[in-house]
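Listing of run.txt; format and content: compact mmCIF, C-alpha atoms.
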# COMPACT_ATOMS: atom_id res chain seq x y z
CA MET D 7 0.00 0.00 0.00
CA LYS D 8 1.22 3.49 -0.83
CA SER D 9 0.16 6.76 0.69
CA SER D 10 -0.20 8.61 -2.63
CA THR D 11 -1.23 7.25 -6.01
CA TYR D 12 0.16 10.36 -7.75
CA LEU D 13 3.57 9.79 -6.18
CA GLU D 14 3.47 6.14 -7.18
CA ALA D 15 2.48 7.03 -10.75
CA LEU D 16 5.34 9.49 -11.17
CA ILE D 17 7.92 7.12 -9.65
CA ARG D 18 6.79 4.39 -12.06
CA LYS D 19 7.11 6.74 -15.04
CA PHE D 20 10.52 8.06 -14.00
CA SER D 21 11.82 4.50 -13.49
CA LYS D 22 11.34 3.92 -17.22
CA LEU D 23 13.80 6.66 -18.18
CA PRO D 24 17.34 5.50 -19.02
CA GLY D 25 19.75 5.28 -16.09
CA ILE D 26 17.04 5.82 -13.47
CA GLY D 27 16.18 2.95 -11.13
CA PRO D 28 13.33 2.82 -8.61
CA LYS D 29 15.44 4.47 -5.86
CA SER D 30 16.54 7.41 -8.04
CA ALA D 31 12.99 7.75 -9.37
CA SER D 32 11.65 7.99 -5.82
CA ARG D 33 14.33 10.54 -4.92
CA ILE D 34 13.45 12.66 -7.95
CA ALA D 35 9.71 12.42 -7.28
CA PHE D 36 10.21 13.69 -3.71
CA HIS D 37 12.43 16.45 -5.05
CA ILE D 38 9.66 17.49 -7.46
CA LEU D 39 7.22 17.48 -4.57
CA GLY D 40 9.50 19.98 -2.85
CA MET D 41 9.86 22.25 -5.90
CA THR D 42 7.63 25.29 -6.39
CA ARG D 43 4.60 24.78 -8.59
CA ASP D 44 6.07 27.19 -11.16
CA ASP D 45 9.29 25.20 -11.42
CA VAL D 46 7.41 21.92 -11.83
CA GLU D 47 5.21 23.41 -14.54
CA SER D 48 8.23 24.86 -16.27
CA LEU D 49 9.96 21.44 -16.29
CA ALA D 50 6.81 19.75 -17.60
CA ARG D 51 6.44 22.43 -20.28
CA ALA D 52 10.08 22.03 -21.34
CA MET D 53 9.48 18.33 -22.00
CA ILE D 54 6.35 18.93 -24.05
CA GLU D 55 7.96 21.81 -25.97
CA LEU D 56 11.00 19.70 -26.81
CA LYS D 57 8.72 17.03 -28.26
CA ARG D 58 6.51 19.52 -30.12
CA ASN D 59 9.08 21.93 -31.49
CA THR D 60 12.09 19.89 -32.53
CA PHE D 61 12.47 18.53 -36.02
CA THR D 62 15.09 16.72 -38.07
CA CYS D 63 17.41 19.18 -39.85
CA ARG D 64 16.91 18.91 -43.61
CA PHE D 65 20.67 19.24 -44.23
CA CYS D 66 22.44 17.21 -41.54
CA GLY D 67 19.71 14.94 -40.15
CA GLY D 68 20.40 16.25 -36.64
CA ILE D 69 18.01 17.83 -34.19
CA SER D 70 16.74 21.27 -35.02
CA ASP D 71 14.27 23.88 -33.82
CA GLY D 72 13.28 24.57 -37.42
CA GLU D 73 13.72 23.14 -40.91
CA VAL D 74 17.50 23.78 -40.81
CA CYS D 75 19.53 23.60 -37.57
CA THR D 76 21.57 26.53 -36.25
CA ILE D 77 24.87 24.73 -36.95
CA CYS D 78 24.02 24.19 -40.63
CA GLN D 79 22.81 27.81 -40.85
CA ASP D 80 25.98 29.23 -39.28
CA GLN D 81 28.03 30.75 -42.11
CA THR D 82 31.11 31.16 -39.89
CA ARG D 83 31.63 27.38 -39.65
CA ASP D 84 33.96 25.45 -41.94
CA ARG D 85 31.52 24.14 -44.55
CA GLY D 86 34.22 22.05 -46.21
CA LEU D 87 34.62 19.78 -43.19
CA VAL D 88 31.78 17.34 -42.37
CA CYS D 89 31.82 15.14 -39.28
CA VAL D 90 29.63 12.04 -39.78
CA VAL D 91 28.07 10.56 -36.62
CA GLU D 92 25.62 7.79 -35.81
CA ASP D 93 23.05 9.93 -34.00
CA ALA D 94 22.29 13.48 -32.89
CA LYS D 95 23.53 12.71 -29.37
CA ASP D 96 27.03 12.01 -30.73
CA ALA D 97 26.99 15.32 -32.63
CA LEU D 98 26.07 17.08 -29.40
CA THR D 99 28.93 15.31 -27.57
CA ILE D 100 31.52 16.34 -30.17
CA GLU D 101 30.07 19.86 -30.35
CA GLY D 102 30.39 20.09 -26.57
CA THR D 103 34.16 19.56 -26.79
CA GLY D 104 34.62 22.56 -29.09
CA GLY D 105 37.06 20.43 -31.14
CA HIS D 106 35.11 20.53 -34.41
CA ARG D 107 34.41 23.76 -36.30
CA GLY D 108 32.85 22.18 -39.38
CA LEU D 109 29.36 20.80 -40.04
CA TYR D 110 27.79 17.50 -38.99
CA HIS D 111 25.95 14.72 -40.77
CA VAL D 112 23.82 12.25 -38.81
CA THR D 113 23.35 8.80 -40.40
CA GLY D 114 20.64 7.82 -37.92
CA GLY D 115 22.21 4.41 -37.28
CA LEU D 116 24.94 1.96 -38.34
CA ILE D 117 24.94 -0.83 -40.90
CA SER D 118 24.12 -4.01 -38.99
CA PRO D 119 22.99 -7.02 -41.06
CA LEU D 120 22.24 -8.99 -37.86
CA ASP D 121 19.70 -6.35 -36.84
CA GLY D 122 18.41 -6.07 -40.41
CA VAL D 123 19.81 -2.53 -40.86
CA GLY D 124 21.22 -1.95 -44.33
CA PRO D 125 22.59 1.19 -46.05
CA ASP D 126 19.11 2.02 -47.37
CA ASP D 127 17.84 2.44 -43.81
CA LEU D 128 20.39 5.17 -43.08
CA ASN D 129 20.50 8.89 -43.94
CA ILE D 130 23.36 8.50 -46.44
CA GLY D 131 21.94 9.86 -49.71
CA THR D 132 22.21 13.52 -48.71
CA LEU D 133 25.82 12.97 -47.58
CA VAL D 134 26.73 11.67 -51.05
CA GLU D 135 24.93 14.66 -52.56
CA LYS D 136 27.02 17.02 -50.41
CA CYS D 137 30.24 15.25 -51.51
CA ARG D 138 29.22 15.47 -55.20
CA GLY D 139 29.27 19.29 -54.95
CA ASP D 140 32.44 21.35 -54.67
CA SER D 141 32.06 22.56 -51.11
CA VAL D 142 33.09 19.47 -49.09
CA ARG D 143 36.84 18.97 -48.72
CA GLU D 144 36.98 16.33 -45.98
CA VAL D 145 34.58 13.88 -44.35
CA ILE D 146 35.49 12.75 -40.81
CA LEU D 147 33.83 9.47 -39.84
CA ALA D 148 33.22 9.54 -36.07
CA PHE D 149 31.43 6.27 -35.32
CA ASN D 150 31.87 4.23 -32.16
CA PRO D 151 34.72 1.68 -32.45
CA SER D 152 32.40 -1.34 -32.88
CA VAL D 153 31.97 -3.92 -35.65
CA GLU D 154 28.97 -1.96 -36.97
CA GLY D 155 30.89 1.33 -36.73
CA GLU D 156 33.79 -0.10 -38.72
CA ALA D 157 31.47 -1.63 -41.33
CA THR D 158 29.61 1.64 -41.81
CA ALA D 159 32.89 3.59 -42.03
CA LEU D 160 34.26 1.24 -44.71
CA TYR D 161 30.99 1.40 -46.66
CA LEU D 162 30.91 5.21 -46.60
CA ALA D 163 34.62 5.47 -47.51
CA ARG D 164 33.96 3.34 -50.62
CA LEU D 165 30.81 5.33 -51.49
CA ILE D 166 32.62 8.68 -51.26
CA SER D 167 35.82 7.52 -52.99
CA PRO D 168 34.72 8.63 -56.53
CA PHE D 169 34.60 12.27 -55.38
CA SER D 170 37.60 14.47 -54.60
CA VAL D 171 36.87 14.38 -50.90
CA ALA D 172 39.33 13.14 -48.26
CA VAL D 173 37.75 10.54 -45.97
CA THR D 174 39.24 10.25 -42.47
CA ARG D 175 38.29 8.37 -39.33
CA ILE D 176 38.68 9.54 -35.72
CA ALA D 177 41.63 7.88 -33.93
CA HIS D 178 41.04 4.78 -31.82
CA GLY D 179 43.60 4.22 -29.09
CA LEU D 180 44.37 4.78 -25.44
CA PRO D 181 42.06 7.37 -23.86
CA VAL D 182 43.79 10.34 -22.23
CA GLY D 183 44.70 9.51 -18.63
CA ALA D 184 44.53 5.74 -19.20
CA ASP D 185 47.17 3.27 -18.03
CA LEU D 186 48.77 0.90 -20.57
CA GLU D 187 48.82 -1.82 -17.90
CA PHE D 188 45.04 -1.88 -17.65
CA ALA D 189 44.12 -1.25 -21.31
CA ASP D 190 42.43 -4.07 -23.22
CA THR D 191 44.24 -5.90 -26.05
CA ALA D 192 42.03 -4.51 -28.83
CA THR D 193 42.65 -0.92 -27.74
CA ILE D 194 46.44 -1.43 -27.53
CA ILE D 195 46.49 -3.02 -31.01
CA LYS D 196 44.42 -0.10 -32.38
CA SER D 197 46.78 2.40 -30.74
CA LEU D 198 49.81 0.68 -32.33
CA GLU D 199 48.17 0.55 -35.76
CA GLY D 200 47.16 4.19 -35.50
CA ARG D 201 50.57 5.48 -34.33
CA VAL D 202 51.50 8.96 -35.53
CA LYS D 203 54.86 10.60 -36.20
CA ILE D 204 55.98 13.10 -33.57
CA MET F 12 26.54 26.50 -30.19
CA LYS F 13 23.74 23.98 -29.87
CA SER F 14 21.43 22.68 -32.55
CA SER F 15 18.24 22.99 -30.49
CA THR F 16 17.39 25.50 -27.78
CA TYR F 17 14.52 23.28 -26.56
CA LEU F 18 16.91 20.36 -26.07
CA GLU F 19 19.35 22.61 -24.25
CA ALA F 20 16.61 23.97 -22.01
CA LEU F 21 15.41 20.50 -20.99
CA ILE F 22 18.94 19.20 -20.36
CA ARG F 23 19.61 22.21 -18.12
CA LYS F 24 16.41 21.60 -16.15
CA PHE F 25 17.02 17.87 -15.77
CA SER F 26 20.59 18.49 -14.57
CA LYS F 27 19.15 20.23 -11.52
CA LEU F 28 17.31 17.10 -10.32
CA PRO F 29 19.09 15.07 -7.62
CA GLY F 30 21.51 12.41 -8.87
CA ILE F 31 21.35 13.57 -12.47
CA GLY F 32 24.46 15.10 -14.03
CA PRO F 33 24.78 16.75 -17.44
CA LYS F 34 25.48 13.41 -19.21
CA SER F 35 22.45 11.63 -17.71
CA ALA F 36 20.32 14.70 -18.39
CA SER F 37 21.33 14.65 -22.04
CA ARG F 38 20.62 10.91 -22.25
CA ILE F 39 17.17 11.40 -20.73
CA ALA F 40 16.38 14.36 -22.99
CA PHE F 41 17.21 12.29 -26.09
CA HIS F 42 15.12 9.45 -24.71
CA ILE F 43 12.19 11.86 -24.30
CA LEU F 44 12.70 13.01 -27.87
CA GLY F 45 12.28 9.39 -28.95
CA MET F 46 9.12 8.81 -26.88
CA THR F 47 5.64 9.20 -28.39
CA ARG F 48 3.99 12.55 -27.84
CA ASP F 49 1.32 10.86 -25.69
CA ASP F 50 3.93 9.34 -23.39
CA VAL F 51 5.74 12.65 -22.99
CA GLU F 52 2.50 14.47 -22.19
CA SER F 53 1.55 11.74 -19.74
CA LEU F 54 4.91 12.09 -17.93
CA ALA F 55 4.58 15.89 -17.84
CA ARG F 56 1.01 15.58 -16.54
CA ALA F 57 2.08 13.12 -13.82
CA MET F 58 4.57 15.70 -12.51
CA ILE F 59 2.01 18.51 -12.45
CA GLU F 60 -0.66 16.26 -10.91
CA LEU F 61 1.71 15.13 -8.15
CA LYS F 62 2.39 18.75 -7.27
CA ARG F 63 -1.28 19.80 -7.48
CA ASN F 64 -2.99 16.86 -5.81
CA THR F 65 -0.79 15.78 -2.94
CA PHE F 66 -1.22 17.14 0.54
CA THR F 67 0.15 16.51 4.02
CA CYS F 68 -1.88 13.87 5.87
CA ARG F 69 -3.63 15.46 8.83
CA PHE F 70 -2.90 12.43 11.03
CA CYS F 71 0.61 11.27 10.22
CA GLY F 72 2.18 14.25 8.43
CA GLY F 73 3.05 12.02 5.47
CA ILE F 74 2.12 12.48 1.84
CA SER F 75 -1.50 12.00 0.94
CA ASP F 76 -3.89 12.31 -2.01
CA GLY F 77 -6.51 13.80 0.32
CA GLU F 78 -6.86 15.13 3.85
CA VAL F 79 -6.03 11.72 5.36
CA CYS F 80 -3.63 9.25 3.68
CA THR F 81 -4.67 5.71 2.70
CA ILE F 82 -2.42 4.16 5.35
CA CYS F 83 -4.04 6.16 8.17
CA GLN F 84 -7.49 5.34 6.72
CA ASP F 85 -6.79 1.61 6.51
CA GLN F 86 -8.66 -0.05 9.39
CA THR F 87 -6.86 -3.38 8.88
CA ARG F 88 -3.53 -1.94 10.03
CA ASP F 89 -2.26 -2.21 13.61
CA ARG F 90 -3.29 1.20 15.02
CA GLY F 91 -1.46 0.52 18.28
CA LEU F 92 1.97 0.54 16.60
CA VAL F 93 3.33 3.85 15.29
CA CYS F 94 6.61 4.08 13.38
CA VAL F 95 8.12 7.59 13.64
CA VAL F 96 10.28 8.72 10.72
CA GLU F 97 12.08 11.89 9.70
CA ASP F 98 10.34 12.38 6.35
CA ALA F 99 7.75 10.88 4.04
CA LYS F 100 10.47 9.27 1.91
CA ASP F 101 11.59 7.18 4.90
CA ALA F 102 7.99 6.06 5.51
CA LEU F 103 7.81 4.98 1.86
CA THR F 104 11.08 3.05 2.20
CA ILE F 105 9.90 1.16 5.31
CA GLU F 106 6.47 0.59 3.75
CA GLY F 107 8.20 -0.88 0.68
CA THR F 108 9.84 -3.60 2.81
CA GLY F 109 6.48 -4.87 4.07
CA GLY F 110 8.05 -5.18 7.54
CA HIS F 111 5.73 -2.74 9.30
CA ARG F 112 1.97 -3.27 9.60
CA GLY F 113 1.22 -0.33 11.88
CA LEU F 114 0.83 3.39 11.19
CA TYR F 115 3.47 6.07 10.55
CA HIS F 116 4.22 9.48 11.97
CA VAL F 117 6.41 11.93 10.04
CA THR F 118 8.27 14.52 12.13
CA GLY F 119 9.33 16.51 9.08
CA GLY F 120 12.92 16.83 10.29
CA LEU F 121 15.31 16.16 13.17
CA ILE F 122 16.34 18.32 16.11
CA SER F 123 19.55 20.06 15.07
CA PRO F 124 20.60 23.10 17.14
CA LEU F 125 23.46 23.81 14.70
CA ASP F 126 20.94 24.25 11.88
CA GLY F 127 18.57 26.15 14.15
CA VAL F 128 15.98 23.34 14.15
CA GLY F 129 14.34 22.86 17.54
CA PRO F 130 11.45 20.63 18.73
CA ASP F 131 8.95 23.41 17.92
CA ASP F 132 9.86 23.22 14.24
CA LEU F 133 8.89 19.54 14.04
CA ASN F 134 5.54 17.78 13.72
CA ILE F 135 5.63 16.37 17.25
CA GLY F 136 2.47 17.73 18.92
CA THR F 137 0.09 15.34 17.14
CA LEU F 138 2.32 12.38 18.08
CA VAL F 139 2.01 13.30 21.77
CA GLU F 140 -1.76 13.66 21.30
CA LYS F 141 -1.92 10.13 19.85
CA CYS F 142 0.09 8.74 22.80
CA ARG F 143 -2.18 10.51 25.30
CA GLY F 144 -5.12 8.42 24.02
CA ASP F 145 -5.57 4.71 24.67
CA SER F 146 -4.97 3.40 21.16
CA VAL F 147 -1.16 3.58 20.87
CA ARG F 148 0.72 0.69 22.49
CA GLU F 149 4.22 1.17 21.03
CA VAL F 150 6.15 3.91 19.24
CA ILE F 151 9.07 2.76 17.07
CA LEU F 152 11.62 5.53 16.44
CA ALA F 153 13.15 4.93 13.00
CA PHE F 154 15.54 7.84 12.47
CA ASN F 155 18.86 7.63 10.65
CA PRO F 156 21.75 6.71 12.98
CA SER F 157 23.18 10.24 13.14
CA VAL F 158 23.79 12.70 15.99
CA GLU F 159 20.54 14.50 15.08
CA GLY F 160 18.66 11.19 14.84
CA GLU F 161 19.86 10.12 18.29
CA ALA F 162 19.06 13.55 19.81
CA THR F 163 15.53 13.50 18.37
CA ALA F 164 15.00 9.91 19.54
CA LEU F 165 16.07 10.77 23.12
CA TYR F 166 13.89 13.89 23.13
CA LEU F 167 10.82 11.98 21.95
CA ALA F 168 11.43 9.11 24.37
CA ARG F 169 11.44 11.59 27.25
CA LEU F 170 8.33 13.37 25.92
CA ILE F 171 6.36 10.12 25.61
CA SER F 172 7.57 8.60 28.91
CA PRO F 173 4.60 9.93 31.00
CA PHE F 174 2.17 7.82 28.92
CA SER F 175 1.79 4.05 29.05
CA VAL F 176 3.40 3.63 25.63
CA ALA F 177 6.50 1.54 24.95
CA VAL F 178 9.17 3.51 23.06
CA THR F 179 11.59 1.46 20.94
CA ARG F 180 14.28 2.32 18.45
CA ILE F 181 15.20 0.38 15.30
CA ALA F 182 18.40 -1.67 15.68
CA HIS F 183 21.72 -0.20 14.56
CA GLY F 184 24.37 -2.76 13.67
CA LEU F 185 25.95 -4.67 10.83
CA PRO F 186 23.83 -4.58 7.68
CA VAL F 187 22.80 -7.96 6.26
CA GLY F 188 25.53 -9.29 3.96
CA ALA F 189 28.24 -7.05 5.47
CA ASP F 190 31.69 -8.24 6.48
CA LEU F 191 32.94 -7.59 10.04
CA GLU F 192 36.42 -7.01 8.62
CA PHE F 193 35.30 -3.98 6.62
CA ALA F 194 32.73 -2.53 9.03
CA ASP F 195 33.49 0.82 10.70
CA THR F 196 34.21 1.10 14.42
CA ALA F 197 31.00 2.95 15.29
CA THR F 198 28.85 0.29 13.60
CA ILE F 199 30.66 -2.57 15.38
CA ILE F 200 30.27 -0.82 18.76
CA LYS F 201 26.54 -0.27 18.04
CA SER F 202 26.13 -3.92 17.08
CA LEU F 203 27.80 -5.03 20.35
CA GLU F 204 25.68 -2.66 22.44
CA GLY F 205 22.52 -3.82 20.69
CA ARG F 206 23.24 -7.55 20.97
CA VAL F 207 20.18 -9.77 21.39
CA LYS F 208 19.70 -13.15 23.05
CA ILE F 209 19.34 -16.11 20.68
Can the structure in the file be given as structure tokens, please?
Amino acid sequence: MKSSTYLEALIRKFSKLPGIGPKSASRIAFHILGMTRDDVESLARAMIELKRNTFTCRFCGGISDGEVCTICQDQTRDRGLVCVVEDAKDALTIEGTGGHRGLYHVTGGLISPLDGVGPDDLNIGTLVEKCRGDSVREVILAFNPSVEGEATALYLARLISPFSVAVTRIAHGLPVGADLEFADTATIIKSLEGRVKI
Amino acid sequence: MKSSTYLEALIRKFSKLPGIGPKSASRIAFHILGMTRDDVESLARAMIELKRNTFTCRFCGGISDGEVCTICQDQTRDRGLVCVVEDAKDALTIEGTGGHRGLYHVTGGLISPLDGVGPDDLNIGTLVEKCRGDSVREVILAFNPSVEGEATALYLARLISPFSVAVTRIAHGLPVGADLEFADTATIIKSLEGRVKI
């Protein structure tokens, strides 16, 4: 038996969000109970507005407030450099580092025959169109270092090869701050293969 | 620069909830983006409804959908046994274990002179009223094992002593599954002091 059905309902709903278990959900629900009514309504409104007002950018396939996202609209960015990522979350992660001043292209997934995902299921056509033009100078493939990521990278590299566009891939190796002693074999092999001249 | 101001706004709001950092907030925001509009509106509504429709139970001081909570209303529960807790969250935790079949009483805090919280700031008066009547047989004090918890427990025990009500305190000792070797000194001392006959 619970003292409040509303509390129960919210805890159940929060438990379904990624990374939130029943204990965290309960903690959040009690926190919301302690928030002002204005703050709660503002949080609720932010969720609904996100769902209502965000679209897929016509150019990059990322998340946008309008037809074209602010990054694609920004004329100060390097339009010759396109970073290709699996999903909009990855674009946001890279953008957050400030390490990329070019544009993005979101494939919306990776080639994975086991899951029945082929090239036709991905947002690849517009990337090829961009490469066919004169503006793109380099395409950086920034997929996760998985079998599917590698397969998709190889597929795209072959697809873009007819155009005069350099295709690169982000480096896979030891993360900054890591210890060689505790690194896994695959990562050490990748870091040896990807060695650079100093 | 971010691709969506709505996404940014929601991530910022979620980051303020307890136990949610910027990375989790971003993960949750993207999850919400992938939910159906109905599900998002239902989650938003649940938050607003919790805030609008929950009150403090007139009897126990816990959270309630109406003037009196369902636990206090339930005539099948042992009305002679009252478990006193610091806040409604603790009542929910104990209720979740199924180990208590009596009623609850929420003090709404602990006596803490350093924080300027005295007995008058707590919901204690109604507890004394309950003990003055004939119905209550035992009061179980279930505060966290902290200095404030101990101080509040001692204060309440003294306050209730004039009435024919047994005052007990939940056991402090080694948690189930713990290892003596790694337990802290204070816990081991508490477990020795609180030893029981077998």
Using only C-alpha atoms, tabulate the residues of chain D lying at most 8 Å from any atom of chain F, each with its closest atom pair and that distance in Å to one decimal, by chain and increasing residue number, as CSV.
residue,atom,partner,partner_atom,distance
D:Met7,CA,F:Ile82,CA,7.2
D:Lys8,CA,F:Ile82,CA,7.2
D:Ser9,CA,F:Thr81,CA,5.3
D:Ser10,CA,F:Ser75,CA,5.1
D:Thr11,CA,F:Asp76,CA,7.0
D:Tyr12,CA,F:Leu61,CA,5.0
D:Leu13,CA,F:Leu61,CA,6.0
D:Ala15,CA,F:Ala57,CA,6.8
D:Leu16,CA,F:Ala57,CA,5.6
D:Lys19,CA,F:Leu54,CA,6.5
D:Phe20,CA,F:Leu54,CA,7.9
D:Leu23,CA,F:Ile39,CA,6.4
D:Pro24,CA,F:Ile39,CA,6.1
D:Gly25,CA,F:Ser35,CA,7.1
D:Ser30,CA,F:Gly30,CA,7.1
D:Ser32,CA,F:Lys100,CA,7.9
D:Arg33,CA,F:Pro29,CA,7.1
D:Ile34,CA,F:Pro29,CA,6.1
D:Phe36,CA,F:Lys100,CA,7.2
D:His37,CA,F:Leu28,CA,7.2
D:Ile38,CA,F:Lys62,CA,7.4
D:Leu39,CA,F:Lys62,CA,5.7
D:Arg43,CA,F:Lys62,CA,6.6
D:Val46,CA,F:Ile59,CA,6.4
D:Glu47,CA,F:Ile59,CA,6.2
D:Leu49,CA,F:Lys24,CA,6.5
D:Ala50,CA,F:Ala55,CA,4.5
D:Arg51,CA,F:Ala55,CA,7.2
D:Ala52,CA,F:Leu21,CA,5.6
D:Met53,CA,F:Leu21,CA,6.4
D:Ile54,CA,F:Glu52,CA,6.2
D:Glu55,CA,F:Tyr17,CA,6.7
D:Leu56,CA,F:Tyr17,CA,5.0
D:Lys57,CA,F:Leu44,CA,5.7
D:Arg58,CA,F:Arg48,CA,7.8
D:Asn59,CA,F:Tyr17,CA,7.5
D:Thr60,CA,F:Ser15,CA,7.2
D:Gly68,CA,F:Ser14,CA,7.7
D:Ile69,CA,F:Ser14,CA,6.2
D:Ser70,CA,F:Ser15,CA,5.1
D:Asp71,CA,F:Ser15,CA,5.3
D:Cys75,CA,F:Ser14,CA,5.4
D:Thr76,CA,F:Ser14,CA,5.3
D:Ile77,CA,F:Ser14,CA,5.9
D:Lys95,CA,F:Phe41,CA,7.1
D:Leu98,CA,F:Lys13,CA,7.3
D:Glu101,CA,F:Met12,CA,7.5
- Task: Pick out the residues sitting within 10 Å of Arg206 (chain F), and hand them over as a PyMOL selection string; count all atoms listed in the file, and ignore anything fewer than 3 positions along from it in its own chain.
- Result: chain F and resi 182-184+200-203+209
- Query: Quick one, how far is CA of Gly160 (chain F) from CA of Gly144 (chain F)?
  - Reply: 25.6 Å
Please, what is the axis-aligned box for every listed atom of region 76-85 of chain F with 4 Å on each side, as centre and edge lengths in Å to one decimal, as lines of an AutoDock Vina configuration file?
center_x = -5.0
center_y = 8.4
center_z = 3.1
size_x = 13.1
size_y = 21.5
size_z = 18.2
- Work out how far apart CA of Ser172 (chain F) and CA of Leu152 (chain F) are and give it in Å to one decimal. 13.5 Å
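Using all atoms listed in the file, the shortest contact distance between Ile100 (chain D) and any of D:Ile117, D:Val145, D:Ile176, D:Leu133 is found at D:Ile176.
One distance worth recording is that between CA of Thr191 (chain D) and CA of Val123 (chain D), which is 28.8 Å.
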- Neighbours of Val134 (chain D) within 10 Å (all atoms listed in the file; same-chain residues fewer than 3 positions away dropped), as a PyMOL selection string? chain D and resi 129-131+137-139+162+165-166+169
Save C-alpha atoms of region 65-110 of chain D from the block above as a short mmCIF file (atom, residue, chain, number, x, y, z; two decimals), in the first residue's frame.
data_model
loop_
_atom_site.label_atom_id
_atom_site.label_comp_id
_atom_site.auth_asym_id
_atom_site.auth_seq_id
_atom_site.Cartn_x
_atom_site.Cartn_y
_atom_site.Cartn_z
CA PHE D 65 20.67 19.24 -44.23
CA CYS D 66 22.44 17.21 -41.54
CA GLY D 67 19.71 14.94 -40.15
CA GLY D 68 20.40 16.25 -36.64
CA ILE D 69 18.01 17.83 -34.19
CA SER D 70 16.74 21.27 -35.02
CA ASP D 71 14.27 23.88 -33.82
CA GLY D 72 13.28 24.57 -37.42
CA GLU D 73 13.72 23.14 -40.91
CA VAL D 74 17.50 23.78 -40.81
CA CYS D 75 19.53 23.60 -37.57
CA THR D 76 21.57 26.53 -36.25
CA ILE D 77 24.87 24.73 -36.95
CA CYS D 78 24.02 24.19 -40.63
CA GLN D 79 22.81 27.81 -40.85
CA ASP D 80 25.98 29.23 -39.28
CA GLN D 81 28.03 30.75 -42.11
CA THR D 82 31.11 31.16 -39.89
CA ARG D 83 31.63 27.38 -39.65
CA ASP D 84 33.96 25.45 -41.94
CA ARG D 85 31.52 24.14 -44.55
CA GLY D 86 34.22 22.05 -46.21
CA LEU D 87 34.62 19.78 -43.19
CA VAL D 88 31.78 17.34 -42.37
CA CYS D 89 31.82 15.14 -39.28
CA VAL D 90 29.63 12.04 -39.78
CA VAL D 91 28.07 10.56 -36.62
CA GLU D 92 25.62 7.79 -35.81
CA ASP D 93 23.05 9.93 -34.00
CA ALA D 94 22.29 13.48 -32.89
CA LYS D 95 23.53 12.71 -29.37
CA ASP D 96 27.03 12.01 -30.73
CA ALA D 97 26.99 15.32 -32.63
CA LEU D 98 26.07 17.08 -29.40
CA THR D 99 28.93 15.31 -27.57
CA ILE D 100 31.52 16.34 -30.17
CA GLU D 101 30.07 19.86 -30.35
CA GLY D 102 30.39 20.09 -26.57
CA THR D 103 34.16 19.56 -26.79
CA GLY D 104 34.62 22.56 -29.09
CA GLY D 105 37.06 20.43 -31.14
CA HIS D 106 35.11 20.53 -34.41
CA ARG D 107 34.41 23.76 -36.30
CA GLY D 108 32.85 22.18 -39.38
CA LEU D 109 29.36 20.80 -40.04
CA TYR D 110 27.79 17.50 -38.99
#
